[in-house]
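A.B. asks: Quick one: structure below, then a few questions.
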2 protein chains.
Amino acid sequence: MQRLQGAPEECAHEVLDVVPVVMRVVRNKLREHGAQLLSVPQFRTLSFISRNNGASLSEVANHIGLTLPSMSTLVDGLVTRNFVIRRTHEDDRRRMDLTLTEHGEATLRSARKETQEYLKQRFTGLSESERGTVVKGLRILRQVFSERTA
Amino acid sequence: MQRLQGAPEECAHEVLDVVPVVMRVVRNKLREHGAQLLSVPQFRTLSFISRNNGASLSEVANHIGLTLPSMSTLVDGLVTRNFVIRRTHEDDRRRMDLTLTEHGEATLRSARKETQEYLKQRFTGLSESERGTVVKGLRILRQVFSERTA
DNA sequence: TATTGTTATACTCTATAACTATA
DNA sequence: TATAGTTATAGAGTATAACAATA
């Protein structure tokens, strides 16, 4: 079965098999992050808002891949925890402008750092070329799964 | 930034960035599976039991990476939906023997097929060599993240 | 009327703590 | 006493349906 490495079937199979396993490690690591534990969607939401200051709720929901009500609830939690500031947009009062607080930025930074630190360790056992393959593979996956194919 | 492809940092960064995106697509696809929608943990649990007939609850929990209570609840749902048979072990009456029903096997098969079918499509746009890279990268990831490092 | 967001409701996921049954 | 599982409880994630406010 090693010979169909280039087949779409094999890609599909490996994705279904491997991605959930990696995901679980990432989730557990993020959740360990001291008192300020973050779920994966919370982490991703903070990341997005940090990169897109003043984003609207719809924009965030769309990017993260949640429905609007789900994102509304999620952001609500982030506001309560003082990670996010939510104000109505000046011109269009239906929209919300989302930005991170200082505390939100700091939490995001340290959560990202801790998690990456941990993941990094896992990769030190590999050869440089193996790591290169991992990075290339993931970049291709990002491209494949970022397209809004619905 | 393209030049540090072989660095552990870059692996960590890509994992944190890309894996959640792919995961979401997989989850949504699994959940679309007709009336018999499965969550990712449910799907993985059915897969494991199918491959390991008569597995105990602890074994399943351990493999999937859930706590025993969480797995107990999850399996409870699968039993209710007639996907799984749960009986006490003959010799050690503390243990549970888990097996799939015919219906469970069939559901698993068709959920896997539909999801893989969908994922496959996404990969048809790639070159054979790109797909090879994806497969190789994922196999390395599996190896890295299967080790019980805690 | 169309768009942006929130609220209500309901399940699943998940953990920790406390418990029961068996060995 | 140690092991295998369950039950109780609680918070987060998520969806759909119904609603409110603004354009």
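Here, A, B, ... name the chains of the structure tokens in the order displayed, residue numbers run from 1 inside each chain, and ligands are numbered from 1 in the same displayed order.
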Neighbouring residues of DA8 (chain D) were defined as those with any atom within 10 Å, considering only C-alpha atoms (C1' of nucleotides); residues of the same chain fewer than 4 positions away were excluded. Please report them as a PyMOL selection string.

C.D. replies: chain C and resi 17-19

A.B. asks: Within 12 Å of Gly132 (chain B), counting only C-alpha atoms (C1' of nucleotides), which residues show up once you throw out same-chain ones fewer than 5 positions away? Write them as a PyMOL selection string, please.

C.D. replies: (chain A and resi 2-12+14+133-134+136-137+140-141) or (chain B and resi 123+126-127+137-139)

A.B. asks: Contacts of region 81-92 of chain A at 9 Å or less, counting only C-alpha atoms (C1' of nucleotides), minus same-chain residues fewer than 2 places along, as a list in words?

C.D. replies: Leu46, Ile49, Gly54, Ser56, Val75, Asp76, Gly77, Leu78, Val79, Arg94, Arg95, Met96, Asp97, Leu98, Thr99, Leu100, Thr101, Glu102, His103, Gly104, Glu105, Thr107 and Leu108 of chain A; DT22 and DA23 of chain D

A.B. asks: Applying 9 Å and only C-alpha atoms (C1' of nucleotides), which residues near Met71 (chain B) remain after dropping the ones on its own chain fewer than 5 positions away? List them as a list in words.

C.D. replies: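 Result of the neighbour search: Thr45, Leu57, Ser58, Val60, Ala61, Ile64, Leu66 and Asp76 of chain B.
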
A.B. asks: Would you mind writing down, as a ChimeraX atom specification, each residue of region 13-63 of chain A that DSSP on the backbone assigns to helix (DSSP H, G or I)?

C.D. replies: /A:13-31,40-51,57-63

A.B. asks: Could you list, as a PyMOL selection string, every residue of chain D that has an atom within 12 Å of an atom of chain A, counting only C-alpha atoms (C1' of nucleotides)?

C.D. replies: chain D and resi 11-17+20-23

A.B. asks: Save the residues we just selected, N, CA and C atoms (P, O5', C5', C4', C3', O3' and C1' of nucleotides), as a PDB file, in the first residue's frame?

C.D. replies:
ATOM      1  P    DG D  11     -20.558  26.236  35.373  1.00  0.00           P
ATOM      2  O5'  DG D  11     -19.618  26.395  34.106  1.00  0.00           O
ATOM      3  C5'  DG D  11     -18.224  26.108  34.223  1.00  0.00           C
ATOM      4  C4'  DG D  11     -17.665  25.909  32.838  1.00  0.00           C
ATOM      5  C3'  DG D  11     -18.117  26.988  31.851  1.00  0.00           C
ATOM      6  O3'  DG D  11     -17.000  27.332  31.055  1.00  0.00           O
ATOM      7  C1'  DG D  11     -18.732  24.867  31.049  1.00  0.00           C
ATOM      8  P    DA D  12     -17.035  28.495  30.010  1.00  0.00           P
ATOM      9  O5'  DA D  12     -16.903  27.705  28.641  1.00  0.00           O
ATOM     10  C5'  DA D  12     -15.681  27.013  28.388  1.00  0.00           C
ATOM     11  C4'  DA D  12     -15.837  26.255  27.101  1.00  0.00           C
ATOM     12  C3'  DA D  12     -16.229  27.140  25.930  1.00  0.00           C
ATOM     13  O3'  DA D  12     -15.292  26.889  24.911  1.00  0.00           O
ATOM     14  C1'  DA D  12     -17.712  25.285  26.120  1.00  0.00           C
ATOM     15  P    DG D  13     -15.507  27.335  23.446  1.00  0.00           P
ATOM     16  O5'  DG D  13     -16.421  26.165  22.899  1.00  0.00           O
ATOM     17  C5'  DG D  13     -15.805  24.949  22.540  1.00  0.00           C
ATOM     18  C4'  DG D  13     -16.610  24.285  21.435  1.00  0.00           C
ATOM     19  C3'  DG D  13     -16.895  25.204  20.246  1.00  0.00           C
ATOM     20  O3'  DG D  13     -16.792  24.410  19.075  1.00  0.00           O
ATOM     21  C1'  DG D  13     -18.914  24.466  21.195  1.00  0.00           C
ATOM     22  P    DT D  14     -16.751  25.042  17.698  1.00  0.00           P
ATOM     23  O5'  DT D  14     -18.282  24.978  17.309  1.00  0.00           O
ATOM     24  C5'  DT D  14     -18.809  23.724  16.872  1.00  0.00           C
ATOM     25  C4'  DT D  14     -20.291  23.778  16.812  1.00  0.00           C
ATOM     26  C3'  DT D  14     -20.894  24.954  16.054  1.00  0.00           C
ATOM     27  O3'  DT D  14     -20.855  24.708  14.673  1.00  0.00           O
ATOM     28  C1'  DT D  14     -22.211  24.221  17.923  1.00  0.00           C
ATOM     29  P    DA D  15     -21.659  25.630  13.678  1.00  0.00           P
ATOM     30  O5'  DA D  15     -23.154  25.080  13.736  1.00  0.00           O
ATOM     31  C5'  DA D  15     -23.402  23.687  13.598  1.00  0.00           C
ATOM     32  C4'  DA D  15     -24.890  23.424  13.721  1.00  0.00           C
ATOM     33  C3'  DA D  15     -25.716  24.428  12.926  1.00  0.00           C
ATOM     34  O3'  DA D  15     -26.520  23.801  11.944  1.00  0.00           O
ATOM     35  C1'  DA D  15     -26.427  24.357  15.219  1.00  0.00           C
ATOM     36  P    DT D  16     -27.343  24.807  10.948  1.00  0.00           P
ATOM     37  O5'  DT D  16     -28.844  24.827  11.497  1.00  0.00           O
ATOM     38  C5'  DT D  16     -29.412  23.701  12.107  1.00  0.00           C
ATOM     39  C4'  DT D  16     -30.803  24.059  12.621  1.00  0.00           C
ATOM     40  C3'  DT D  16     -31.585  25.047  11.752  1.00  0.00           C
ATOM     41  O3'  DT D  16     -32.969  24.703  11.846  1.00  0.00           O
ATOM     42  C1'  DT D  16     -31.243  25.999  13.861  1.00  0.00           C
ATOM     43  P    DA D  17     -34.076  25.462  10.928  1.00  0.00           P
ATOM     44  O5'  DA D  17     -34.820  26.354  12.028  1.00  0.00           O
ATOM     45  C5'  DA D  17     -35.139  25.780  13.288  1.00  0.00           C
ATOM     46  C4'  DA D  17     -35.860  26.806  14.138  1.00  0.00           C
ATOM     47  C3'  DA D  17     -36.680  27.812  13.339  1.00  0.00           C
ATOM     48  O3'  DA D  17     -37.851  28.099  14.094  1.00  0.00           O
ATOM     49  C1'  DA D  17     -35.059  28.971  14.585  1.00  0.00           C
ATOM     50  P    DA D  20     -38.754  40.906  18.675  1.00  0.00           P
ATOM     51  O5'  DA D  20     -37.318  41.554  18.460  1.00  0.00           O
ATOM     52  C5'  DA D  20     -36.349  41.471  19.496  1.00  0.00           C
ATOM     53  C4'  DA D  20     -35.262  42.491  19.217  1.00  0.00           C
ATOM     54  C3'  DA D  20     -35.812  43.851  18.819  1.00  0.00           C
ATOM     55  O3'  DA D  20     -34.981  44.816  19.454  1.00  0.00           O
ATOM     56  C1'  DA D  20     -34.494  42.970  17.045  1.00  0.00           C
ATOM     57  P    DA D  21     -35.209  46.365  19.255  1.00  0.00           P
ATOM     58  O5'  DA D  21     -34.063  46.695  18.213  1.00  0.00           O
ATOM     59  C5'  DA D  21     -32.715  46.468  18.584  1.00  0.00           C
ATOM     60  C4'  DA D  21     -31.860  46.924  17.439  1.00  0.00           C
ATOM     61  C3'  DA D  21     -32.197  48.319  16.953  1.00  0.00           C
ATOM     62  O3'  DA D  21     -30.959  48.990  16.828  1.00  0.00           O
ATOM     63  C1'  DA D  21     -32.221  46.805  15.141  1.00  0.00           C
ATOM     64  P    DT D  22     -30.916  50.571  16.501  1.00  0.00           P
ATOM     65  O5'  DT D  22     -30.410  50.553  14.994  1.00  0.00           O
ATOM     66  C5'  DT D  22     -29.190  49.910  14.713  1.00  0.00           C
ATOM     67  C4'  DT D  22     -29.093  49.756  13.229  1.00  0.00           C
ATOM     68  C3'  DT D  22     -29.251  51.056  12.471  1.00  0.00           C
ATOM     69  O3'  DT D  22     -27.980  51.358  11.937  1.00  0.00           O
ATOM     70  C1'  DT D  22     -30.373  49.244  11.420  1.00  0.00           C
ATOM     71  P    DA D  23     -27.745  52.613  10.993  1.00  0.00           P
ATOM     72  O5'  DA D  23     -28.125  52.054   9.571  1.00  0.00           O
ATOM     73  C5'  DA D  23     -27.356  50.998   9.038  1.00  0.00           C
ATOM     74  C4'  DA D  23     -27.807  50.639   7.657  1.00  0.00           C
ATOM     75  C3'  DA D  23     -28.008  51.840   6.748  1.00  0.00           C
ATOM     76  O3'  DA D  23     -26.969  51.824   5.788  1.00  0.00           O
ATOM     77  C1'  DA D  23     -29.821  50.267   6.564  1.00  0.00           C
TER      78       DA D  23
END

A.B. asks: Compare A:His13, A:Arg51, A:Arg142, A:Arg31 by their minimum atom-to-atom distance to DA15 (chain C), counting only C-alpha atoms (C1' of nucleotides), and give me the closest one.

C.D. replies: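 Selected residue with least distance to DA15 (chain C): A:Arg31.
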
A.B. asks: Compute the chain C side of the contact with chain A at 10 Å, counting only C-alpha atoms (C1' of nucleotides), and hand it back as a PyMOL selection string.

C.D. replies: chain C and resi 3-7

A.B. asks: Would you please work out which residue, of A:Leu30, A:Ser50, A:Leu16, A:Arg44, is nearest to Glu117 (chain B) when using only C-alpha atoms?

C.D. replies: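 Checking each of A:Leu30, A:Ser50, A:Leu16, A:Arg44 against Glu117 (chain B), counting only C-alpha atoms, the winner is A:Leu16.
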
A.B. asks: Kindly give the distance, in Å, that separates CA of Val18 (chain A) and CA of Phe43 (chain B), rounded to a single decimal.

C.D. replies: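 These atoms are spaced 13.3 Å apart.
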
A.B. asks: Residues near region 26-28 of chain A, anyone? I mean within 10 Å using only C-alpha atoms (C1' of nucleotides), not counting same-chain ones fewer than 3 positions away, as a PyMOL selection string.

C.D. replies: (chain A and resi 20-23+31-33+37-41+43+115-116+118-119) or (chain B and resi 15-16+19-20+65)
